[in-house]
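Below is the file upload23.txt, which contains compact mmCIF, C-alpha atoms.
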```txt
# COMPACT_ATOMS: atom_id res chain seq x y z
CA MET A 1 -210.06 -10.24 112.87
CA GLY A 2 -206.81 -12.09 113.41
CA ASN A 3 -205.99 -14.77 110.87
CA VAL A 4 -209.10 -14.23 108.76
CA PRO A 5 -208.29 -14.34 105.02
CA ASN A 6 -208.53 -11.02 103.15
CA ALA A 7 -211.33 -12.33 100.92
CA VAL A 8 -213.46 -12.95 103.99
CA LYS A 9 -212.56 -9.58 105.50
CA HIS A 10 -213.74 -7.93 102.28
CA CYS A 11 -217.02 -9.87 102.41
CA LEU A 12 -217.53 -8.81 106.01
CA SER A 13 -217.04 -5.13 105.29
CA TYR A 14 -220.25 -3.18 105.77
CA GLU A 15 -219.55 -1.11 102.66
CA ASN A 16 -219.27 -4.24 100.55
CA LEU A 17 -222.49 -5.77 101.85
CA MET A 18 -224.69 -2.67 102.06
CA GLY A 19 -223.07 -0.11 99.80
CA GLU A 20 -223.23 -1.92 96.51
CA SER A 21 -226.58 -2.11 94.79
CA PHE A 22 -227.38 -3.98 91.65
CA ARG A 23 -229.51 -2.33 89.02
CA LEU A 24 -230.72 -3.92 85.82
CA PRO A 25 -229.98 -2.02 82.62
CA SER A 26 -233.00 -0.04 81.37
CA SER A 27 -233.41 -2.47 78.46
CA PHE A 28 -234.22 -5.21 81.00
CA GLN A 29 -236.64 -3.17 83.10
CA GLU A 30 -239.60 -3.79 80.82
CA LYS A 31 -241.15 -7.27 80.72
CA LYS A 32 -239.23 -9.53 78.35
CA VAL A 33 -240.93 -12.48 76.70
CA GLY A 34 -239.34 -15.75 77.74
CA PHE A 35 -237.83 -14.42 80.96
CA PRO A 36 -239.15 -15.77 84.27
CA ASP A 37 -241.08 -13.53 86.66
CA PHE A 38 -239.01 -14.81 89.57
CA VAL A 39 -235.38 -15.87 90.02
CA LYS A 40 -234.26 -17.58 93.20
CA ILE A 41 -230.80 -16.45 94.29
CA VAL A 42 -228.94 -18.79 96.61
CA GLU A 43 -225.89 -17.34 98.39
CA VAL A 44 -223.34 -20.15 98.78
CA GLY A 45 -220.35 -18.13 100.03
CA PRO A 46 -220.44 -19.27 103.66
CA ARG A 47 -220.55 -22.91 102.55
CA ASP A 48 -218.78 -23.17 99.22
CA GLY A 49 -216.56 -20.11 99.33
CA LEU A 50 -215.08 -20.57 102.78
CA GLN A 51 -214.14 -24.20 102.17
CA ASN A 52 -211.53 -22.99 99.68
CA GLU A 53 -209.71 -20.77 102.19
CA LYS A 54 -206.27 -22.04 103.21
CA GLU A 55 -206.65 -20.75 106.76
CA MET A 56 -209.43 -21.92 109.07
CA VAL A 57 -212.06 -19.22 109.52
CA PRO A 58 -213.23 -19.01 113.15
CA THR A 59 -216.87 -19.93 113.79
CA GLU A 60 -217.60 -16.48 115.24
CA ILE A 61 -216.49 -14.87 111.97
CA LYS A 62 -218.59 -17.30 109.92
CA ILE A 63 -221.62 -16.41 112.03
CA GLN A 64 -220.91 -12.70 111.56
CA LEU A 65 -220.65 -13.19 107.78
CA ILE A 66 -223.96 -15.06 107.64
CA ASP A 67 -225.67 -12.47 109.85
CA MET A 68 -224.45 -9.63 107.63
CA LEU A 69 -225.47 -11.46 104.46
CA SER A 70 -228.95 -11.98 105.90
CA GLN A 71 -229.26 -8.19 106.34
CA THR A 72 -228.93 -7.73 102.57
CA GLY A 73 -232.32 -9.30 101.89
CA LEU A 74 -231.10 -12.64 100.60
CA SER A 75 -233.81 -15.23 101.14
CA VAL A 76 -231.53 -18.29 100.99
CA ILE A 77 -228.01 -18.57 102.42
CA GLU A 78 -226.20 -21.92 102.45
CA ALA A 79 -224.28 -22.03 105.70
CA THR A 80 -222.98 -25.59 105.81
CA SER A 81 -223.07 -28.97 104.11
CA PHE A 82 -222.92 -32.64 104.86
CA VAL A 83 -220.64 -34.36 102.36
CA SER A 84 -219.73 -37.63 104.03
CA SER A 85 -221.91 -40.73 103.91
CA LYS A 86 -221.29 -40.95 107.66
CA TRP A 87 -223.53 -37.91 108.16
CA VAL A 88 -227.29 -38.01 108.02
CA VAL A 89 -229.40 -35.03 107.03
CA GLN A 90 -230.29 -33.38 110.32
CA VAL A 91 -233.92 -32.61 109.59
CA GLU A 92 -234.54 -32.05 113.29
CA ALA A 93 -232.11 -29.12 113.15
CA GLY A 94 -234.62 -27.11 111.16
CA ALA A 95 -233.37 -27.39 107.58
CA ALA A 96 -235.72 -25.46 105.31
CA GLU A 97 -234.32 -26.97 102.13
CA VAL A 98 -231.87 -29.67 101.05
CA ALA A 99 -229.55 -29.28 98.07
CA VAL A 100 -227.81 -32.16 96.31
CA PHE A 101 -225.25 -31.61 93.59
CA GLY A 102 -223.39 -34.29 91.72
CA SER A 103 -220.16 -34.09 89.82
CA ALA A 104 -219.87 -34.38 86.07
CA SER A 105 -216.45 -36.04 86.27
CA GLU A 106 -215.22 -39.12 88.08
CA THR A 107 -211.99 -37.35 89.04
CA PHE A 108 -213.71 -34.41 90.72
CA SER A 109 -216.22 -36.70 92.43
CA ARG A 110 -213.43 -38.80 93.92
CA LYS A 111 -211.47 -35.73 95.05
CA ASN A 112 -214.51 -33.88 96.40
CA ILE A 113 -216.55 -36.60 98.11
CA ASN A 114 -214.30 -39.66 97.83
CA CYS A 115 -216.66 -41.77 95.73
CA SER A 116 -217.64 -42.39 92.13
CA VAL A 117 -220.43 -40.50 90.38
CA GLU A 118 -222.59 -43.65 90.57
CA GLU A 119 -221.96 -44.02 94.32
CA SER A 120 -222.85 -40.36 94.86
CA MET A 121 -226.18 -40.87 93.08
CA GLN A 122 -226.97 -43.74 95.44
CA ARG A 123 -226.12 -41.54 98.43
CA PHE A 124 -228.28 -38.74 97.07
CA GLU A 125 -231.24 -41.10 96.92
CA GLN A 126 -231.02 -41.69 100.67
CA VAL A 127 -230.79 -37.96 101.38
CA ILE A 128 -233.66 -37.12 99.04
CA CYS A 129 -235.92 -39.80 100.53
CA ALA A 130 -235.21 -38.59 104.08
CA ALA A 131 -235.91 -34.98 103.09
CA ARG A 132 -239.15 -35.85 101.31
CA GLN A 133 -240.36 -37.89 104.28
CA ALA A 134 -239.83 -34.78 106.40
CA CYS A 135 -241.60 -32.59 103.78
CA ILE A 136 -238.38 -30.65 103.10
CA PRO A 137 -237.94 -29.38 99.53
CA VAL A 138 -234.97 -30.73 97.57
CA ARG A 139 -233.10 -28.83 94.87
CA GLY A 140 -230.13 -29.63 92.74
```
Representation of the structure as structure tokens:
Amino acid sequence: MGNVPNAVKHCLSYENLMGESFRLPSSFQEKKVGFPDFVKIVEVGPRDGLQNEKEMVPTEIKIQLIDMLSQTGLSVIEATSFVSSKWVVQVEAGAAEVAVFGSASETFSRKNINCSVEESMQRFEQVICAARQACIPVRG
């Protein structure tokens, strides 16, 4: 896998993806009052996790990671994001859902998306309107 970071190599290992199963403790197996019947799990590793790697992960490896994650039964996998105001949500590309997440701090907002929290909210409005016009659900 060449210059692929070890964290990504671990994620790509078949044993890691298919060999580990999660089981709820027996105390949680019966219906609990106040707990939802359904929990939506969104895998953000290909989008959020890989952006923190110091070395560039080749596209072929990213595709392999996403393919392997999809084999685990995950219903939602975030593969990419548009963070610059220069980009427009590509609804024609087949997006099934749009996620918008703001920052709680001005410092993080400026470092992450190069704008204030207020400016990010204005940008979100444009994205949300475009998604709704295309009948694409929005979360965040």
Please provide the set of residues having any atom within 6 Å of A:Ala99, restricted to all atoms listed in the file, with same-chain residues fewer than 3 positions apart removed, written as a list in words.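 In the requested format, the answer is Val138, Arg139 and Gly140 of chain A.
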Determine, counting all atoms listed in the file, which protein, DNA and RNA residues have an atom within 10 Å of an atom of A:Ile63; residues of the same chain fewer than 5 positions away are not included. Present the result as a list in words. Pro46, Pro58, Met68, Leu69 and Ala79 of chain A
Give the answer as one residue: which of A:Asp48, A:Gln64, A:Glu55, A:Ser109 has the shortest atom-to-atom distance to A:Thr80, using all atoms listed in the file?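 Smallest distance to A:Thr80 is found for A:Asp48.
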Could you tell me how far atom CA of A:Ser75 sits from atom CA of A:Arg123, in Å to one decimal place? 27.5 Å
Measuring between only C-alpha atoms, which one of A:Ile77, A:Thr72, A:Asp67, A:Ile113 shows the shortest distance to A:Glu43?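 Among A:Ile77, A:Thr72, A:Asp67, A:Ile113, it is A:Ile77 that comes nearest to A:Glu43.
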Work out how far atom CA of A:Phe38 is from atom CA of A:Leu50, in Å to one decimal.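 It comes out at 27.9 Å.
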Atomic distance atom CA of A:Ser103 - atom CA of A:Ser116, expressed in Å with one decimal: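 Separation between atom CA of A:Ser103 and atom CA of A:Ser116: 9.0 Å.
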At a cut-off of 12 Å, using only C-alpha atoms, what residues contact A:Glu106? Leave out same-chain residues fewer than 4 positions from it and give the result as number ranges by chain. A: 102, 110-120
Using all atoms listed in the file, pick whichever of A:Lys62, A:Gly49, A:Ser70, A:Glu97 has the shortest atom-to-atom distance to A:Val127.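 Smallest distance to A:Val127 is found for A:Glu97.
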